[in-house]
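J.: Pasting in a structure now, in structure tokens, and then I'll have a few things to ask.
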Amino acid sequence: MSYYGRLTDKKERLWLPLGYGSAAKYGVSAKAALLDVAQRYGLPVPTGIILVHEAWRRALGAGLVRRHDNGSLSVPDGSQLVFAIGFPDFEWELPGPFAVRSAFSAESGVTQSLAGCFASCLNIDGRDPAQLAEALRVVWESAERRVPQLGELRRDVLIMRMVDAKHSGIASTRHEVANDQVTFVTGSPDKMSGNTAGESLSLPKLRAFRKPSPSLPDWTQRLQVLLRRVRRIFSHKRSGRDWQIEWADDGTTCWLLQIYPLTDSPLT
């Protein structure tokens, strides 16, 4: 039985383009849905797709992914899995390389956060079925250790074009605080893992339509503008007014890689 291009009972894709604007209607988890909204409203989010939970469910049901008693997953045939999902053409429609990241349910909730608890795979060549299938296996498998605690999770996955970052990091913006707090490194976001904690700075909020101070480094000016746009789109009483973002600046654009509400008691 072929599962190519089938979502539930309709002839639809098992993935949605970022910026589609209706990811939340498909039940996609907050991490991916917020980026979908951000790109829809014109924020600089890298081109990519959301692989929806249905892809995981159907792949597991068809034996394209196998679950083992020790909590591991295996993929018998990577090419068959990739073909069954019906990805876009990664050479012409969506050239990479890509970051393949988890976007599981409960990962970025309003009252709790599991950010950083699941796997990401970087510099994946989407034209290589074996490489892409292995990245999906690693990311999906990272949910297995959480299933006993939280129950079965939605396993939506983000596949986003990599940013050739000159600077990158994390920034938090709180509505009652005058300055935004930034932690950054020189280079790509993965350099913040391990023993490299990054440098910190306090960045004045850019108000109204004011321009950044030319005395600041160019990348911090672009980050100020990005944070102002984030506040305009996301900061309101209904969804919360305190946000944290992951960002990466390539020397021309400051890209939004992730956005999630700040919580007082994140789960780790």
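Following the order of the structure tokens, chains are lettered A, B, ..., residues in each are numbered from 1, and ligands are numbered from 1.
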If we count only C-alpha atoms, what is near region 89-100 of chain A at a cut-off of 10 Å, once residues fewer than 5 positions away on the same chain are taken out, given as a ChimeraX atom specification?

T.: /A:46-51,119-128,132,135-136,138-139,157-163

J.: Tell me, which residues of region 80-248 of chain A carry DSSP helix (DSSP H, G or I), written as a ChimeraX atom specification?

T.: /A:80-85,129-141,144-150,189-192,218-234

J.: Keeping only N, CA and C atoms, write the selected residues as a compact mmCIF listing (two decimals), in the first residue's frame.

T.:
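So selection07.txt came out as:
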```
# COMPACT_ATOMS: atom_id res chain seq x y z
N GLN A 80 12.63 4.42 0.77
CA GLN A 80 11.19 4.14 0.77
C GLN A 80 10.46 5.10 1.70
N LEU A 81 11.05 5.38 2.86
CA LEU A 81 10.43 6.32 3.80
C LEU A 81 10.32 7.71 3.17
N VAL A 82 11.40 8.19 2.58
CA VAL A 82 11.40 9.53 1.98
C VAL A 82 10.41 9.61 0.83
N PHE A 83 10.36 8.57 0.00
CA PHE A 83 9.41 8.57 -1.11
C PHE A 83 7.97 8.56 -0.61
N ALA A 84 7.71 7.79 0.44
CA ALA A 84 6.34 7.67 0.96
C ALA A 84 5.84 9.00 1.51
N ILE A 85 6.73 9.79 2.08
CA ILE A 85 6.31 11.09 2.63
C ILE A 85 6.00 12.07 1.51
N PRO A 129 18.46 10.55 0.34
CA PRO A 129 17.41 9.90 1.13
C PRO A 129 17.92 9.25 2.41
N ALA A 130 19.09 8.64 2.35
CA ALA A 130 19.63 7.97 3.53
C ALA A 130 19.92 8.97 4.64
N GLN A 131 20.50 10.11 4.26
CA GLN A 131 20.82 11.15 5.24
C GLN A 131 19.56 11.76 5.84
N LEU A 132 18.57 12.03 4.99
CA LEU A 132 17.32 12.63 5.46
C LEU A 132 16.56 11.65 6.34
N ALA A 133 16.49 10.39 5.94
CA ALA A 133 15.78 9.38 6.74
C ALA A 133 16.44 9.18 8.09
N GLU A 134 17.76 9.19 8.13
CA GLU A 134 18.47 9.03 9.40
C GLU A 134 18.22 10.22 10.33
N ALA A 135 18.17 11.43 9.76
CA ALA A 135 17.86 12.61 10.58
C ALA A 135 16.47 12.51 11.17
N LEU A 136 15.50 12.06 10.38
CA LEU A 136 14.14 11.89 10.89
C LEU A 136 14.12 10.84 11.99
N ARG A 137 14.85 9.75 11.79
CA ARG A 137 14.89 8.70 12.81
C ARG A 137 15.44 9.24 14.13
N VAL A 138 16.54 9.97 14.07
CA VAL A 138 17.17 10.52 15.28
C VAL A 138 16.22 11.47 16.00
N VAL A 139 15.57 12.35 15.24
CA VAL A 139 14.67 13.33 15.86
C VAL A 139 13.45 12.64 16.44
N TRP A 140 12.81 11.76 15.68
CA TRP A 140 11.64 11.04 16.20
C TRP A 140 12.02 10.20 17.42
N GLU A 141 13.18 9.57 17.37
CA GLU A 141 13.59 8.70 18.48
C GLU A 141 13.80 9.48 19.77
N GLU A 144 11.19 9.20 22.43
CA GLU A 144 10.91 7.93 23.08
C GLU A 144 11.16 7.97 24.59
N ARG A 145 12.20 8.66 25.01
CA ARG A 145 12.51 8.68 26.45
C ARG A 145 11.51 9.52 27.24
N ARG A 146 10.73 10.36 26.53
CA ARG A 146 9.73 11.20 27.21
C ARG A 146 8.35 10.57 27.22
N VAL A 147 8.13 9.56 26.40
CA VAL A 147 6.80 8.95 26.31
C VAL A 147 6.30 8.41 27.66
N PRO A 148 7.13 7.72 28.46
CA PRO A 148 6.62 7.24 29.75
C PRO A 148 6.17 8.36 30.68
N GLN A 149 6.80 9.53 30.59
CA GLN A 149 6.48 10.65 31.47
C GLN A 149 5.27 11.44 30.99
N LEU A 150 5.21 11.68 29.69
CA LEU A 150 4.22 12.61 29.14
C LEU A 150 3.17 11.94 28.28
N PRO A 189 24.47 28.62 15.80
CA PRO A 189 23.85 28.38 17.10
C PRO A 189 24.36 27.15 17.82
N ASP A 190 24.82 26.12 17.08
CA ASP A 190 25.27 24.90 17.75
C ASP A 190 26.54 25.12 18.57
N LYS A 191 27.22 26.26 18.37
CA LYS A 191 28.40 26.55 19.17
C LYS A 191 28.06 26.90 20.62
N MET A 192 26.77 27.16 20.89
CA MET A 192 26.38 27.48 22.26
C MET A 192 26.24 26.23 23.11
N ASP A 218 26.41 46.27 13.62
CA ASP A 218 25.32 46.08 12.66
C ASP A 218 24.39 44.94 13.08
N TRP A 219 24.97 43.82 13.56
CA TRP A 219 24.12 42.67 13.88
C TRP A 219 23.20 42.95 15.07
N THR A 220 23.67 43.76 16.02
CA THR A 220 22.80 44.10 17.15
C THR A 220 21.68 45.03 16.71
N GLN A 221 21.95 45.89 15.74
CA GLN A 221 20.89 46.75 15.21
C GLN A 221 19.81 45.91 14.54
N ARG A 222 20.23 44.93 13.76
CA ARG A 222 19.25 44.05 13.09
C ARG A 222 18.47 43.23 14.13
N LEU A 223 19.15 42.81 15.19
CA LEU A 223 18.47 42.06 16.25
C LEU A 223 17.46 42.95 16.97
N GLN A 224 17.79 44.19 17.22
CA GLN A 224 16.84 45.13 17.83
C GLN A 224 15.56 45.24 17.00
N VAL A 225 15.73 45.36 15.69
CA VAL A 225 14.57 45.49 14.79
C VAL A 225 13.75 44.20 14.83
N LEU A 226 14.42 43.04 14.81
CA LEU A 226 13.71 41.77 14.85
C LEU A 226 12.90 41.64 16.15
N LEU A 227 13.50 41.99 17.28
CA LEU A 227 12.79 41.89 18.56
C LEU A 227 11.60 42.84 18.61
N ARG A 228 11.74 44.01 18.03
CA ARG A 228 10.60 44.94 17.99
C ARG A 228 9.47 44.35 17.16
N ARG A 229 9.79 43.74 16.05
CA ARG A 229 8.76 43.13 15.21
C ARG A 229 8.11 41.94 15.92
N VAL A 230 8.89 41.17 16.66
CA VAL A 230 8.33 40.06 17.45
C VAL A 230 7.33 40.58 18.45
N ARG A 231 7.67 41.66 19.16
CA ARG A 231 6.74 42.22 20.16
C ARG A 231 5.46 42.71 19.51
N ARG A 232 5.58 43.32 18.35
CA ARG A 232 4.38 43.85 17.67
C ARG A 232 3.42 42.73 17.28
N ILE A 233 3.97 41.61 16.85
CA ILE A 233 3.13 40.53 16.34
C ILE A 233 2.63 39.62 17.46
N PHE A 234 3.48 39.32 18.43
CA PHE A 234 3.15 38.27 19.40
C PHE A 234 2.81 38.75 20.81
```

J.: Measuring between only C-alpha atoms, which one of A:Asn179, A:Pro261, A:Val37, A:Tyr26 shows the shortest distance to Arg207 (chain A)?

T.: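 Of all the options, A:Asn179 lies closest to Arg207 (chain A).
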
J.: What's the separation between CA of Ala24 (chain A) and CA of Cys117 (chain A), in Å to one decimal place?

T.: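 Pair CA of Ala24 (chain A) / CA of Cys117 (chain A) returns 22.2 Å.
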
J.: Which residues in region 20-167 of chain A does DSSP call strand (DSSP E)? List them as an MDAnalysis selection string.

T.: chainID A and resid 48:51 66:67 73:74 98:102 120:124 157:161 167

J.: Based on the selection just made, write N, CA and C atoms of those residues as a PDB file, in the first residue's frame.

T.:
```
ATOM      1  N   GLY A  48      11.373  26.687   4.735  1.00  0.00           N
ATOM      2  CA  GLY A  48      11.330  25.312   5.211  1.00  0.00           C
ATOM      3  C   GLY A  48       9.938  24.730   5.175  1.00  0.00           C
ATOM      4  N   ILE A  49       9.802  23.563   5.782  1.00  0.00           N
ATOM      5  CA  ILE A  49       8.524  22.869   5.818  1.00  0.00           C
ATOM      6  C   ILE A  49       8.293  22.309   7.224  1.00  0.00           C
ATOM      7  N   ILE A  50       7.035  22.019   7.511  1.00  0.00           N
ATOM      8  CA  ILE A  50       6.656  21.315   8.735  1.00  0.00           C
ATOM      9  C   ILE A  50       6.205  19.920   8.332  1.00  0.00           C
ATOM     10  N   LEU A  51       6.932  18.922   8.784  1.00  0.00           N
ATOM     11  CA  LEU A  51       6.518  17.535   8.585  1.00  0.00           C
ATOM     12  C   LEU A  51       5.550  17.200   9.714  1.00  0.00           C
ATOM     13  N   ARG A  66      10.413   1.478  12.567  1.00  0.00           N
ATOM     14  CA  ARG A  66      10.109   0.412  13.523  1.00  0.00           C
ATOM     15  C   ARG A  66      10.533   0.824  14.929  1.00  0.00           C
ATOM     16  N   ARG A  67       9.655   0.556  15.873  1.00  0.00           N
ATOM     17  CA  ARG A  67       9.885   0.885  17.279  1.00  0.00           C
ATOM     18  C   ARG A  67      10.321  -0.380  18.020  1.00  0.00           C
ATOM     19  N   LEU A  73      14.553   3.434  17.557  1.00  0.00           N
ATOM     20  CA  LEU A  73      13.814   3.316  16.307  1.00  0.00           C
ATOM     21  C   LEU A  73      14.774   2.885  15.218  1.00  0.00           C
ATOM     22  N   SER A  74      14.248   2.238  14.198  1.00  0.00           N
ATOM     23  CA  SER A  74      15.057   1.891  13.034  1.00  0.00           C
ATOM     24  C   SER A  74      14.255   2.165  11.769  1.00  0.00           C
ATOM     25  N   PHE A  98      19.985  21.690   5.330  1.00  0.00           N
ATOM     26  CA  PHE A  98      18.883  21.913   6.256  1.00  0.00           C
ATOM     27  C   PHE A  98      19.233  21.544   7.692  1.00  0.00           C
ATOM     28  N   ALA A  99      18.485  22.160   8.585  1.00  0.00           N
ATOM     29  CA  ALA A  99      18.423  21.711   9.971  1.00  0.00           C
ATOM     30  C   ALA A  99      17.116  20.946  10.129  1.00  0.00           C
ATOM     31  N   VAL A 100      17.190  19.749  10.681  1.00  0.00           N
ATOM     32  CA  VAL A 100      16.000  18.938  10.954  1.00  0.00           C
ATOM     33  C   VAL A 100      15.809  18.963  12.465  1.00  0.00           C
ATOM     34  N   ARG A 101      14.736  19.610  12.925  1.00  0.00           N
ATOM     35  CA  ARG A 101      14.547  19.862  14.355  1.00  0.00           C
ATOM     36  C   ARG A 101      13.203  19.317  14.830  1.00  0.00           C
ATOM     37  N   SER A 102      13.175  18.892  16.073  1.00  0.00           N
ATOM     38  CA  SER A 102      11.915  18.475  16.686  1.00  0.00           C
ATOM     39  C   SER A 102      11.002  19.678  16.856  1.00  0.00           C
ATOM     40  N   SER A 120      18.195  17.595  17.370  1.00  0.00           N
ATOM     41  CA  SER A 120      18.266  18.338  16.113  1.00  0.00           C
ATOM     42  C   SER A 120      19.421  17.764  15.302  1.00  0.00           C
ATOM     43  N   CYS A 121      19.272  17.766  13.983  1.00  0.00           N
ATOM     44  CA  CYS A 121      20.338  17.321  13.084  1.00  0.00           C
ATOM     45  C   CYS A 121      20.628  18.447  12.104  1.00  0.00           C
ATOM     46  N   LEU A 122      21.896  18.822  11.983  1.00  0.00           N
ATOM     47  CA  LEU A 122      22.273  19.987  11.187  1.00  0.00           C
ATOM     48  C   LEU A 122      22.993  19.582   9.905  1.00  0.00           C
ATOM     49  N   ASN A 123      22.943  20.524   8.933  1.00  0.00           N
ATOM     50  CA  ASN A 123      23.638  20.349   7.649  1.00  0.00           C
ATOM     51  C   ASN A 123      23.239  19.062   6.940  1.00  0.00           C
ATOM     52  N   ILE A 124      21.936  18.833   6.883  1.00  0.00           N
ATOM     53  CA  ILE A 124      21.400  17.653   6.209  1.00  0.00           C
ATOM     54  C   ILE A 124      21.145  17.956   4.739  1.00  0.00           C
ATOM     55  N   VAL A 157       7.861  17.824  12.878  1.00  0.00           N
ATOM     56  CA  VAL A 157       9.291  18.062  12.663  1.00  0.00           C
ATOM     57  C   VAL A 157       9.457  19.284  11.765  1.00  0.00           C
ATOM     58  N   LEU A 158      10.395  20.150  12.117  1.00  0.00           N
ATOM     59  CA  LEU A 158      10.741  21.308  11.297  1.00  0.00           C
ATOM     60  C   LEU A 158      11.962  20.970  10.435  1.00  0.00           C
ATOM     61  N   ILE A 159      11.863  21.242   9.155  1.00  0.00           N
ATOM     62  CA  ILE A 159      13.002  21.106   8.249  1.00  0.00           C
ATOM     63  C   ILE A 159      13.228  22.484   7.642  1.00  0.00           C
ATOM     64  N   MET A 160      14.280  23.164   8.100  1.00  0.00           N
ATOM     65  CA  MET A 160      14.527  24.557   7.741  1.00  0.00           C
ATOM     66  C   MET A 160      15.917  24.727   7.138  1.00  0.00           C
ATOM     67  N   ARG A 161      15.997  25.623   6.167  1.00  0.00           N
ATOM     68  CA  ARG A 161      17.281  25.897   5.540  1.00  0.00           C
ATOM     69  C   ARG A 161      18.262  26.442   6.572  1.00  0.00           C
ATOM     70  N   HIS A 167      26.887  35.629  13.651  1.00  0.00           N
ATOM     71  CA  HIS A 167      26.565  35.711  15.070  1.00  0.00           C
ATOM     72  C   HIS A 167      25.228  35.015  15.281  1.00  0.00           C
TER      73      HIS A 167
END
```

J.: Find the residue from A:Ala178, A:Leu203, A:Ala103, A:Leu256 that sits nearest to Leu153 (chain A); use only C-alpha atoms when measuring.

T.: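 Selected residue with least distance to Leu153 (chain A): A:Ala103.
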
J.: Can you work out the spacing between CA of Ile259 (chain A) and CA of Val52 (chain A) in Å, to one decimal?

T.: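 Those two atoms sit 18.5 Å apart.
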
J.: Have a look at CA of Pro76 (chain A) and CA of Trp56 (chain A) and let me know their distance in Å, one decimal.

T.: 14.6 Å

J.: With only C-alpha atoms as the atoms that count, which of A:Asn70, A:Ser200, A:Ser105, A:Thr183 lies nearest to Ala30 (chain A)?

T.: A:Ser105

J.: Just the residues within 8 Å of Gly169 (chain A), please, counting only C-alpha atoms, with nothing from its chain fewer than 4 positions along; format it as a list of chain:residue names.

T.: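 Near Gly169 (chain A), the qualifying residues are A:Val182, A:Thr183, A:Phe184, A:Val185, A:Pro189, A:Met192, A:Gly198, A:Glu246, A:Trp247, A:Ala248.
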
J.: Keeping N, CA and C atoms for every residue in the selection just given, could you write it to a file as a PDB file, in the first residue's frame?

T.:
```pdb
ATOM      1  N   VAL A 182      20.337  39.359  25.901  1.00  0.00           N
ATOM      2  CA  VAL A 182      20.857  38.605  24.755  1.00  0.00           C
ATOM      3  C   VAL A 182      22.073  37.792  25.174  1.00  0.00           C
ATOM      4  N   THR A 183      22.102  36.541  24.776  1.00  0.00           N
ATOM      5  CA  THR A 183      23.293  35.705  24.880  1.00  0.00           C
ATOM      6  C   THR A 183      23.698  35.323  23.466  1.00  0.00           C
ATOM      7  N   PHE A 184      24.970  35.500  23.108  1.00  0.00           N
ATOM      8  CA  PHE A 184      25.371  35.293  21.719  1.00  0.00           C
ATOM      9  C   PHE A 184      26.737  34.651  21.619  1.00  0.00           C
ATOM     10  N   VAL A 185      26.978  34.068  20.461  1.00  0.00           N
ATOM     11  CA  VAL A 185      28.291  33.537  20.106  1.00  0.00           C
ATOM     12  C   VAL A 185      28.617  34.011  18.696  1.00  0.00           C
ATOM     13  N   PRO A 189      24.468  28.619  15.795  1.00  0.00           N
ATOM     14  CA  PRO A 189      23.847  28.376  17.095  1.00  0.00           C
ATOM     15  C   PRO A 189      24.363  27.147  17.820  1.00  0.00           C
ATOM     16  N   MET A 192      26.773  27.160  20.894  1.00  0.00           N
ATOM     17  CA  MET A 192      26.376  27.482  22.256  1.00  0.00           C
ATOM     18  C   MET A 192      26.241  26.229  23.111  1.00  0.00           C
ATOM     19  N   GLY A 198      28.600  31.355  25.720  1.00  0.00           N
ATOM     20  CA  GLY A 198      28.288  32.576  24.996  1.00  0.00           C
ATOM     21  C   GLY A 198      28.470  33.817  25.851  1.00  0.00           C
ATOM     22  N   GLU A 246      15.314  32.230  19.417  1.00  0.00           N
ATOM     23  CA  GLU A 246      16.621  31.857  18.898  1.00  0.00           C
ATOM     24  C   GLU A 246      16.800  32.595  17.587  1.00  0.00           C
ATOM     25  N   TRP A 247      17.972  33.131  17.352  1.00  0.00           N
ATOM     26  CA  TRP A 247      18.217  33.940  16.161  1.00  0.00           C
ATOM     27  C   TRP A 247      19.602  33.625  15.604  1.00  0.00           C
ATOM     28  N   ALA A 248      19.793  33.975  14.337  1.00  0.00           N
ATOM     29  CA  ALA A 248      21.099  33.822  13.692  1.00  0.00           C
ATOM     30  C   ALA A 248      21.237  34.920  12.652  1.00  0.00           C
TER      31      ALA A 248
END
```
